[in-house]
Every structure is written in C-alpha cells, then in structure tokens.
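Reading through the structure tokens given below for one structure.
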Amino acid sequence: MSYSKKFLVKPGTKVDLDQVDAGFKDRHESHEQALPEIEASRDKLRNLQYLMYAEGRRSLLICLQGRDAAGKDGTINHVLGAMNPQGCTVTGFKVPSSEEAAHDFLWRYHKAAPGKGKVAIFNRSHYEDVLVVRVHDLVPKKIWSKRYQQINAFERTLYENGTHILKFYLHIDAEEQLARFKQRIDDPARHWKISDGDYAERPYWDAYTRAFEAALGKCSTRYAPWFIIPSNHKWFRNLAISRIVAETLESMKMRFPEPTVDINEIRKKYHEVVKEEKKGEQD
C-alpha cells in the first residue's frame, strides 16, 4: 500500500475528518509486528537525508499540525532521530513575539525555512494563523479568510526555489486525546507536558474540526500536499510518516556531487603517505 496515495488530501477536495478512521493501522496488529518495517524506513530516511545534504541543491520542509496530544513531539523524535542533526532544524511556533507581531504573519515562518541541503521541521506552522486565529476570533474573518491564498502563494515560492514541502495532520479522535491527557496525569515523567490550555481548548473540538477541514481542503496542492495521518496508534503514525518522507526524497532522484579534486591524484598521495609511514615504522 502506498501511504503517499492513501493519506493524501487531493487538491480541491472537501475534507470530512469524521470519515477518517484515526485508529487505522493497516495490516499490522502491533508495534512489535511493524517494527522491522519501521526500522527499514528509518534506515532509508537516514541515507536519503545524507544524500540531500551532500547534493546541496534542494531542501525539505515538514509541517506538523494536530490537536493537543496528537503526537507532534513524538513524530519529531522519530523522524529527526533517523537523521543527522547537522542537516536538520526544528522550530516550534507559539504566540508571536512583539517583533514577530510587527511583521506580516508569514515573516517568522519564512525565516525558519530550510536552506539548500537541509531538512526543516515545523512544530505547528503558518497554519496556526487560520486555525487558532479563526477559532478564537483573534482577527476578523475578512483577514484570516485571505490567508489560505497567501499561504498557497508562500508555499509555491518555496517550492519554486527548491524546497519540497510535506504537511502532516496527525489525526486522533476525542477519546484518544482524553486517554493521553490521563497518561500525563498518571505518569510523573509526563507532568511537564500538562497545560491548562489543553483543557481550555477541548470545548472547541468541533470548531477546530471545521478549521482544520478548511485548511486541509484549501491548501493541499501538488507542490505542497497535505496528508491526514491516522495517529491513535503512535507507532503507525511514525511508520506512515517516515515512509511518505522517504518516498518523497527518493522521487527527487538526487545524486552525489562530482568530486572537486582529482581522485587519482588523491589516491596517489594516499599511497605515498602510507608507504612513507610504513618505512618510518621499520627504521
């Protein structure tokens, strides 16, 4: 099964999240059963990211969105853990600073976009400006309603300048979110994750559903697709995302750059050094 095709939001389609099974796990019954495939995907990711870094011509932007406790941090640990951190950045976007608020809403996101050869992961992203802003009426509708088109133009600009974009909506249902909230209460190691904001946002579940559906439907494009990832099972979420990222990197047909030195000359120098050092050891 191609997860890139199964979970893709086709451009121009209307999204109904209630029709998406958050508990989907394909043919795998457990994490243990899926582990060999998960590890194979991680190995592939590691090699492909190394190739992108070496080639230095293109970049990859991964945007993660989801409700509270959907697993954005866990996804970052899984995906980034398979890559060399020298070629990756992670940026989390919260309430804008005074400097950020003084610029257009896309300014802070453009600053964090990846350079050539790099992978950037956005923990929340420019879509916050059509999600929380919309749900809580932080700006008038006449302002946020224009942002879908502005976001599409922004992403097209990145794409046309060599940045491939993948956007993942981590889909959990209301029961799973509540179960994860309970885990945070029961496990002292998770207490640091608890926030009053988690419970303050839960009454807005339906409003966020409508906001997510609009963003997914209006902003999934050929050059910056959205994928709805069933995320009730954390291990399946990780498997699906790593496979989609790997498939995307493979599709770029990347190549190692040609050497900037004469390899035969370097080989000759190497053998000369080895010969001299062995001679020195014998003297």
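Labels for the structure tokens follow display order: chains A, B, ..., residues from 1 in each chain, ligands from 1.
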DSSP alpha helix (DSSP H) residues within region 109-167 of chain A, as an MDAnalysis selection string: chainID A and resid 109:111 132:135 141:144 147:160
List every residue of region 114-222 of chain A that has an atom at most 12 Å from any atom of region 47-51 of chain A, giving for each one its closest atom pair and the distance in Å to one decimal, counting only C-alpha atoms, sorted by chain and then by ascending residue number, as a tab-separated table.
```
residue	atom	partner	partner_atom	distance
A:Lys116	CA	A:Gln49	CA	11.9
A:Gly117	CA	A:Gln49	CA	8.4
A:Lys118	CA	A:Gln49	CA	8.2
A:Val119	CA	A:Gln49	CA	7.8
A:Ala120	CA	A:Gln49	CA	11.4
```
Could you tell me how far CA of Ile38 (chain A) sits from CA of Ser242 (chain A), in Å to one decimal place? 7.8 Å
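Coordinates place CA of Asp104 (chain A) at a distance of 25.5 Å from CA of Lys72 (chain A).
In terms of minimum interatomic distance to Phe227 (chain A), A:Ala240 ranks closest within A:Ala240, A:Leu138, A:Ala246, A:Leu45, counting only C-alpha atoms.
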From a backbone DSSP assignment, name each residue in region 40-209 of chain A labelled strand (DSSP E), as a list in words. Ser59, Leu60, Leu61, Ile62, Cys63, Leu64, Gln65, Gly66, Cys88, Thr89, Val90, Thr91, Gly92, Val119, Ala120, Ile121, Phe122, Asn123, Thr163, His164, Ile165, Leu166, Lys167, Phe168, Tyr169, Leu170 and His171 of chain A
Kindly export the residues of the current selection with N, CA and C atoms, as a CSV table (one decimal), in the first residue's frame.
```
chain,number,residue,atom,x,y,z
A,59,SER,N,15.9,21.2,-0.7
A,59,SER,CA,15.7,21.1,0.7
A,59,SER,C,14.3,20.6,1.0
A,60,LEU,N,14.0,20.2,2.2
A,60,LEU,CA,12.7,19.6,2.6
A,60,LEU,C,12.1,20.3,3.8
A,61,LEU,N,10.9,20.7,3.7
A,61,LEU,CA,10.2,21.3,4.8
A,61,LEU,C,9.0,20.4,5.2
A,62,ILE,N,9.0,20.0,6.5
A,62,ILE,CA,8.0,19.1,7.0
A,62,ILE,C,7.2,19.9,8.0
A,63,CYS,N,5.9,20.1,7.8
A,63,CYS,CA,5.0,20.8,8.7
A,63,CYS,C,4.1,19.8,9.5
A,64,LEU,N,4.1,19.9,10.8
A,64,LEU,CA,3.2,19.1,11.6
A,64,LEU,C,2.1,19.9,12.3
A,65,GLN,N,0.9,19.4,12.1
A,65,GLN,CA,-0.2,20.1,12.8
A,65,GLN,C,-1.1,19.0,13.4
A,66,GLY,N,-1.8,19.3,14.4
A,66,GLY,CA,-2.7,18.4,15.1
A,66,GLY,C,-3.2,19.0,16.4
A,88,CYS,N,19.6,19.3,10.0
A,88,CYS,CA,18.2,19.4,10.3
A,88,CYS,C,18.0,20.6,11.3
A,89,THR,N,16.8,21.2,11.2
A,89,THR,CA,16.4,22.2,12.2
A,89,THR,C,15.0,21.9,12.6
A,90,VAL,N,14.6,22.2,13.8
A,90,VAL,CA,13.2,22.1,14.3
A,90,VAL,C,12.9,23.4,14.9
A,91,THR,N,11.7,23.9,14.5
A,91,THR,CA,11.2,25.2,15.0
A,91,THR,C,9.8,25.0,15.5
A,92,GLY,N,9.6,25.4,16.8
A,92,GLY,CA,8.2,25.4,17.3
A,92,GLY,C,7.7,26.8,17.3
A,119,VAL,N,16.9,19.9,6.0
A,119,VAL,CA,15.6,19.5,6.4
A,119,VAL,C,15.1,20.4,7.5
A,120,ALA,N,14.0,21.0,7.4
A,120,ALA,CA,13.4,21.8,8.5
A,120,ALA,C,12.0,21.2,8.9
A,121,ILE,N,11.8,21.1,10.2
A,121,ILE,CA,10.6,20.6,10.7
A,121,ILE,C,9.9,21.7,11.5
A,122,PHE,N,8.6,22.0,11.1
A,122,PHE,CA,7.9,23.0,11.9
A,122,PHE,C,6.9,22.3,12.8
A,123,ASN,N,7.1,22.5,14.1
A,123,ASN,CA,6.1,22.0,15.1
A,123,ASN,C,5.1,23.1,15.3
A,163,THR,N,12.5,24.0,-2.5
A,163,THR,CA,12.1,23.4,-1.2
A,163,THR,C,10.9,22.5,-1.5
A,164,HIS,N,11.0,21.2,-1.2
A,164,HIS,CA,9.9,20.3,-1.2
A,164,HIS,C,9.2,20.4,0.1
A,165,ILE,N,7.9,20.3,0.1
A,165,ILE,CA,7.0,20.6,1.3
A,165,ILE,C,6.1,19.4,1.5
A,166,LEU,N,6.1,18.9,2.7
A,166,LEU,CA,5.2,17.8,3.2
A,166,LEU,C,4.5,18.3,4.4
A,167,LYS,N,3.2,18.2,4.4
A,167,LYS,CA,2.4,18.7,5.6
A,167,LYS,C,1.6,17.5,6.1
A,168,PHE,N,1.7,17.3,7.4
A,168,PHE,CA,1.0,16.1,8.0
A,168,PHE,C,0.1,16.6,9.1
A,169,TYR,N,-1.2,16.2,9.0
A,169,TYR,CA,-2.2,16.4,10.1
A,169,TYR,C,-2.3,15.1,10.8
A,170,LEU,N,-1.9,15.2,12.1
A,170,LEU,CA,-1.9,14.0,13.0
A,170,LEU,C,-3.3,13.8,13.6
A,171,HIS,N,-4.0,12.9,13.0
A,171,HIS,CA,-5.5,12.7,13.3
A,171,HIS,C,-5.7,11.8,14.5
```
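CA of Asp16 (chain A) is positioned 14.1 Å from CA of Trp205 (chain A).
The list of residues with at least one atom within 7 Å of region 142-152 of chain A, based on only C-alpha atoms and without residues fewer than 4 positions apart in the same chain, reads Val130, Arg134, Arg156, Lys218 and Cys219 of chain A.
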Same residues, all heavy atoms, saved as a PDB file, in the first residue's frame:
```pdb
ATOM      1  N   VAL A 130      -4.653  30.287  10.489  1.00  0.00           N
ATOM      2  CA  VAL A 130      -6.021  30.037  10.014  1.00  0.00           C
ATOM      3  C   VAL A 130      -6.705  28.977  10.896  1.00  0.00           C
ATOM      4  O   VAL A 130      -7.760  28.463  10.549  1.00  0.00           O
ATOM      5  CB  VAL A 130      -6.059  29.595   8.532  1.00  0.00           C
ATOM      6  CG1 VAL A 130      -5.676  30.745   7.617  1.00  0.00           C
ATOM      7  CG2 VAL A 130      -5.157  28.380   8.297  1.00  0.00           C
ATOM      8  N   ARG A 134      -8.673  31.691  13.801  1.00  0.00           N
ATOM      9  CA  ARG A 134     -10.062  31.581  13.354  1.00  0.00           C
ATOM     10  C   ARG A 134     -10.978  31.154  14.499  1.00  0.00           C
ATOM     11  O   ARG A 134     -12.036  31.756  14.733  1.00  0.00           O
ATOM     12  CB  ARG A 134     -10.145  30.582  12.201  1.00  0.00           C
ATOM     13  CG  ARG A 134     -11.561  30.162  11.854  1.00  0.00           C
ATOM     14  CD  ARG A 134     -11.582  29.192  10.689  1.00  0.00           C
ATOM     15  NE  ARG A 134     -12.919  28.602  10.525  1.00  0.00           N
ATOM     16  CZ  ARG A 134     -13.335  27.982   9.420  1.00  0.00           C
ATOM     17  NH1 ARG A 134     -12.534  27.883   8.373  1.00  0.00           N
ATOM     18  NH2 ARG A 134     -14.543  27.459   9.361  1.00  0.00           N
ATOM     19  N   ARG A 156       4.241  28.000  -2.717  1.00  0.00           N
ATOM     20  CA  ARG A 156       4.678  27.901  -4.106  1.00  0.00           C
ATOM     21  C   ARG A 156       6.043  28.569  -4.300  1.00  0.00           C
ATOM     22  O   ARG A 156       6.908  28.056  -5.012  1.00  0.00           O
ATOM     23  CB  ARG A 156       3.654  28.534  -5.048  1.00  0.00           C
ATOM     24  CG  ARG A 156       4.082  28.477  -6.519  1.00  0.00           C
ATOM     25  CD  ARG A 156       3.094  29.164  -7.426  1.00  0.00           C
ATOM     26  NE  ARG A 156       1.911  28.358  -7.648  1.00  0.00           N
ATOM     27  CZ  ARG A 156       1.817  27.390  -8.561  1.00  0.00           C
ATOM     28  NH1 ARG A 156       2.862  27.111  -9.339  1.00  0.00           N
ATOM     29  NH2 ARG A 156       0.714  26.701  -8.710  1.00  0.00           N
ATOM     30  N   LYS A 218      -8.371  23.605   1.401  1.00  0.00           N
ATOM     31  CA  LYS A 218      -7.998  24.770   0.602  1.00  0.00           C
ATOM     32  C   LYS A 218      -6.506  24.837   0.285  1.00  0.00           C
ATOM     33  O   LYS A 218      -6.101  25.510  -0.670  1.00  0.00           O
ATOM     34  CB  LYS A 218      -8.405  26.066   1.333  1.00  0.00           C
ATOM     35  CG  LYS A 218      -9.906  26.276   1.462  1.00  0.00           C
ATOM     36  CD  LYS A 218     -10.203  27.528   2.279  1.00  0.00           C
ATOM     37  CE  LYS A 218     -11.706  27.750   2.481  1.00  0.00           C
ATOM     38  NZ  LYS A 218     -12.374  28.102   1.211  1.00  0.00           N
ATOM     39  N   CYS A 219      -5.688  24.144   1.085  1.00  0.00           N
ATOM     40  CA  CYS A 219      -4.240  24.334   0.963  1.00  0.00           C
ATOM     41  C   CYS A 219      -3.468  23.052   0.670  1.00  0.00           C
ATOM     42  O   CYS A 219      -2.248  23.002   0.887  1.00  0.00           O
ATOM     43  CB  CYS A 219      -3.693  24.998   2.223  1.00  0.00           C
ATOM     44  SG  CYS A 219      -4.337  26.655   2.524  1.00  0.00           S
TER      45      CYS A 219
END
```
Write out as a count of residues only the residues lying within 12 Å of region 2-8 of chain A, counting only C-alpha atoms and excluding same-chain residues fewer than 3 positions away. 44
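Among A:His28, A:Lys44, A:Arg58, A:Lys94, the residue with the shortest atom-to-atom distance to Pro114 (chain A), counting only C-alpha atoms, is A:Arg58.
Residues within 8 Å of Phe105 (chain A), counting only C-alpha atoms and excluding same-chain residues fewer than 5 positions away, are Glu100, His126 and Asp129 of chain A.
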Keeping only all heavy atoms, write the selected residues to a file as a short mmCIF file (atom, residue, chain, number, x, y, z; two decimals), in the first residue's frame.
```cif
data_model
loop_
_atom_site.label_atom_id
_atom_site.label_comp_id
_atom_site.auth_asym_id
_atom_site.auth_seq_id
_atom_site.Cartn_x
_atom_site.Cartn_y
_atom_site.Cartn_z
N GLU A 100 7.77 39.65 16.02
CA GLU A 100 7.07 38.87 15.00
C GLU A 100 5.71 39.47 14.69
O GLU A 100 5.29 39.53 13.53
CB GLU A 100 6.93 37.43 15.47
CG GLU A 100 8.26 36.68 15.54
CD GLU A 100 8.16 35.37 16.29
OE1 GLU A 100 7.20 35.18 17.06
OE2 GLU A 100 9.06 34.51 16.12
N HIS A 126 2.66 27.89 9.87
CA HIS A 126 1.91 29.04 9.39
C HIS A 126 0.40 28.78 9.38
O HIS A 126 -0.38 29.73 9.24
CB HIS A 126 2.39 29.45 7.99
CG HIS A 126 2.75 28.33 7.08
ND1 HIS A 126 3.80 27.48 7.29
CD2 HIS A 126 2.19 27.92 5.91
CE1 HIS A 126 3.87 26.59 6.32
NE2 HIS A 126 2.90 26.83 5.47
N ASP A 129 -2.30 30.40 11.81
CA ASP A 129 -2.93 31.68 11.51
C ASP A 129 -4.25 31.55 10.75
O ASP A 129 -4.88 32.55 10.41
CB ASP A 129 -1.95 32.58 10.75
CG ASP A 129 -0.83 33.05 11.67
OD1 ASP A 129 -1.02 34.08 12.34
OD2 ASP A 129 0.22 32.39 11.74
#
```
Extract, using only C-alpha atoms, all DNA, RNA and protein residues at most 12 Å from His136 (chain A), discarding same-chain residues fewer than 3 positions from it, and format them as JSON, numbers by chain. {"A": [128, 129, 130, 131, 132, 133, 139, 140, 141, 144, 200, 201, 203, 204, 207, 208, 211]}
